[in-house]
Structure formats: C-alpha cells, structure tokens
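Enquirer: Have a look at this one.
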Amino acid sequence: MTATLMDGKAFAADLRANVARQVSALKTETGVTPGLAVVLVGEDPASQVYVRNKGRQTVDCGMASFEHALPETTSQDDLLALIDTLNADDQVHGILVQLPLPAHINADLVINAIAPDKDVDGFHVSNVGLLATGQKAMVPCTPLGCLMMLRAQHGSLSGLNAVVVGRSNIVGKPMAQLLLRDSCTVTIAHSRSRNIEALCRNADILIAAVGRPEMVTGDWIKPGATVIDVGINRIETPDGKARLVGDVAFDSAAQVAGAITPVPGGVGPMTIACLLANTLTACCRSLGQPEPDGLTA
Ligand code: NAD
C-alpha cells in the first residue's frame, strides 16, 4: 500500500472531544444543555444499533439524549404529533428521525415536519435549499464528515477536480454542493453515467457513495488522488462469514491513491460525530451564541 490511510476513527474521536469541550463551555456560560431527540419507528436491528450508538455518544459528549422508540404500527399522524411536540420542546435542539421509515409513512412529509433549525440531519427542504444557495444551513452529517476529512488532508480544495459517484439526497447531492462551495470543479456520476471509469480517472478527489461492494477499482483512480469511500456493504466471504466492505476495492485502490479512507473505520465514525456537532450548532444558533469552532461547513 502506498496511500496515506485517513483514519476516520481517530478523526471522529478528536471531533467528539472538540464537541464535548464546547458543550461544557456552553453549559457553563448559559446553563443550557444541548439536547438531541432520536425517533425510531419499528424494530429494524441495524437501526436499533445506530440509535443506541447515537444516544450513548450524545451523553458521552455531555449532551442530553431523548430516545423515542415507537412500534412498527405507529400511524403517520401519531409520528407527526410527536415531531410537533419535539419542535416545541425547549430542551430539544436537534431532532433525528431514523430512516428508513415503515412503508405506510411518507418519509418526506415527516422530515419536512421537523423545524428546520432542529433538523440536525440536514434533510429538510429548507436546509437543502440553504446549502444549495450557499447560506447557513444544517448540513447532512455524512457529507459534512467527508468534507472535514478532505479539508484536513488538503487544506484548500479550491480548483481541484472532484467526482462524486452517487446522487442520493442524503450523500451524493449534498456532498457535491459542499465541494462546489469549497470551489472544486464537481462532477456527479450515477447509475446512468457513461464511461464512469474515465470520469473517475479525472478526479483529484473521488467520493464513492453508491452501495455496490468494491465497484471502484485501482484502475479507476488517478495516481495520487484522495479517495473517500462512503459505502458500507455487508458481503459474505467464501467461508460463510459476514464482512463489511466499501464501494472501493481497498487493496487495489490503495496502490494508486495518495490518500484513502478504509471501511470500516473511515467515514462511518465521522457520521455520528457530525451529528453531535450539528446538535451543538443547532443549540448555539437557538441561543444566539456564536457558531461553534471548527464544527460547521
Ligand atoms: P442510495 O441507494 O440512495 O444511492 C446510491 C446512488 O448510487 C444512486 O444515486 C445511484 O444513481 C448510484 N448508483 C447505483 N448504481 C450505480 C452504478 N453502477 N454506477 C454508478 N452509480 C450508481 O445510497 P446512499 O444512501 O447514498 O448510500 C450509498 C452508500 O453509502 C451505501 O453503501 C450506504 O450504506 C452508505 N452510507 C454510509 C454512510 C456512513 O455513515 N458512512 C451514510 C450513508 C450511506
């Protein structure tokens, strides 16, 4: 391997420590404890693990965690009523509804019912629009984490060619917006793109957010490029065990890239750390306090 390993675990630990320090200072100054409400509908085991981790890390950072676990059969109206209650609750500065929601609930409707100032996932259309127009927004956590790692790696991103593979609302599109805001030349590639390998080979920064195990191989990568692998794919190994891999074939990519994130231990830990950062940001904004240091895009 010749690439520098971008250690998301260590980066996320530093970020959480930074959040904890600033939470403590905010509490001393204002007496207010930032609070995050996480709403889970149903019993999906992966979502239960995510929600538990989010709650634990929220408390570890000195913030308040409010968990609302609702049965799979919860009606859309009941969920919307809970969102209304949380919107009006002064102790709650951030609200996250764990996705996916059961099929009988319209996820867009629910997300857009969250008060934009408390929308710490950054999925509300108001935040999407604010980000797209370069205004102060709540920024989706995974792209924010990628941006922080890229800035730490490169300093300025200005003028670099960035290729984002994937155009989802939660990763690909906001990632592209953030890179554009940092003055990259941005290409978004997706399932209908032609000659995607050639597009990728032009990238100084390559972000893979596809959900296809090890799709991006070393021969897609420009020598020395920075590769951020957002993908989390569970595959079965020949001996019948489960293993997590990214959207990038790590071994071949690491021979060509200048820097690369591993899976696991790359972008994943940054996502929750950025959720905590966004909760503190939302709290500071609600109190009219200055933006927290080093936690926003
Ligand atoms: P998604 O399914 O919503 O979007 C996938 C995107 O990939 C689509 O825009 C599609 O056009 C594109 N795509 C599909 N097949 C393609 C192909 N053959 N070539 C090019 N593009 C193709 O997925 P998502 O929610 O954006 O997540 C993407 C991956 O990132 C998944 O593996 C997911 O688990 C992972 N993820 C990780 C984190 C994290 O915290 N690290 C957070 C969110 C998502």
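Letters A, B, ... mark the chains of the structure tokens in the order given; residue numbers begin at 1 per chain; ligand numbers begin at 1, in order shown.
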Per residue of range 263-289 of chain A within 10 Å of range 237-247 of chain A, record the nearest atom pair and its distance in Å to one decimal, counting only C-alpha atoms, with rows in chain order and ascending residue number, as CSV.
Expert:
```
residue,atom,partner,partner_atom,distance
A:Val263,CA,A:Gly246,CA,5.4
A:Pro264,CA,A:Leu244,CA,6.7
A:Gly266,CA,A:Gly246,CA,9.7
```
Enquirer: Could I get the residue neighbourhood of ligand 1 at 6 Å, counting only C-alpha atoms and all ligand atoms, as a list of chain:residue names?
Expert: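 The residues near ligand 1 are A:Thr142, A:Val165, A:Gly166, A:Arg167, A:Ser168, A:Ile170, A:Val171, A:Gly172, A:His190, A:Ser191, A:Ala209, A:Val210, A:Gly211, A:Val230, A:Gly231, A:Ile232, A:Asn233, A:Val267, A:Gly268, A:Thr271.
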Enquirer: What does the file look like for those residues with C-alpha atoms, as a PDB file, in the first residue's frame?
Expert:
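Written out: again20.pdb:
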```pdb
ATOM      1  CA  THR A 142     -22.038  12.079   6.282  1.00  0.00           C
ATOM      2  CA  VAL A 165     -20.282   8.759  -7.571  1.00  0.00           C
ATOM      3  CA  GLY A 166     -23.903   8.564  -6.385  1.00  0.00           C
ATOM      4  CA  ARG A 167     -26.650  11.182  -6.440  1.00  0.00           C
ATOM      5  CA  SER A 168     -28.728  10.370  -3.364  1.00  0.00           C
ATOM      6  CA  ILE A 170     -28.502  12.103   1.819  1.00  0.00           C
ATOM      7  CA  VAL A 171     -24.959  11.696   0.495  1.00  0.00           C
ATOM      8  CA  GLY A 172     -24.215  12.344  -3.198  1.00  0.00           C
ATOM      9  CA  HIS A 190     -24.540   7.913 -11.210  1.00  0.00           C
ATOM     10  CA  SER A 191     -26.112   4.729 -12.468  1.00  0.00           C
ATOM     11  CA  ALA A 209     -21.386   6.733  -2.340  1.00  0.00           C
ATOM     12  CA  VAL A 210     -23.077   4.001  -4.312  1.00  0.00           C
ATOM     13  CA  GLY A 211     -23.825   0.935  -2.206  1.00  0.00           C
ATOM     14  CA  VAL A 230     -18.752   6.203   1.890  1.00  0.00           C
ATOM     15  CA  GLY A 231     -20.126   2.765   1.020  1.00  0.00           C
ATOM     16  CA  ILE A 232     -20.992   0.264   3.724  1.00  0.00           C
ATOM     17  CA  ASN A 233     -21.786  -3.137   2.228  1.00  0.00           C
ATOM     18  CA  VAL A 267     -16.385   7.818   7.026  1.00  0.00           C
ATOM     19  CA  GLY A 268     -18.689   5.746   9.280  1.00  0.00           C
ATOM     20  CA  THR A 271     -21.217  10.486  10.619  1.00  0.00           C
TER      21      THR A 271
END
```
Enquirer: When distances are computed from only C-alpha atoms, which of A:Leu287, A:Leu99, A:Ala132, A:Val139 shows the smallest separation from Pro116 in chain A?
Expert: A:Val139
Enquirer: Using only C-alpha atoms, which of the listed residues (A:Ile272, A:Ala13, A:Ile228, A:Met215) sits closest to Ile260 in chain A?
Expert: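 For Ile260 in chain A, the nearest of the given residues is A:Ile228.
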Enquirer: Enter the distance from CA of Arg234 in chain A to CA of Thr58 in chain A, in Å, rounded to one decimal.
Expert: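 We find that CA of Arg234 in chain A and CA of Thr58 in chain A lie 26.4 Å from each other.
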Enquirer: Could you state the separation of CA of Ile95 in chain A and CA of Leu130 in chain A in Å, given to one decimal place?
Expert: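 We find that CA of Ile95 in chain A and CA of Leu130 in chain A lie 18.3 Å from each other.
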Enquirer: Check the smallest atom-to-atom distance from each of A:Ile105, A:Ala88, A:Leu144, A:Leu157 to Gly122 in chain A using only C-alpha atoms, then report the winner.
Expert: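 Looking only at the distances to Gly122 in chain A, the closest residue turns out to be A:Leu144.
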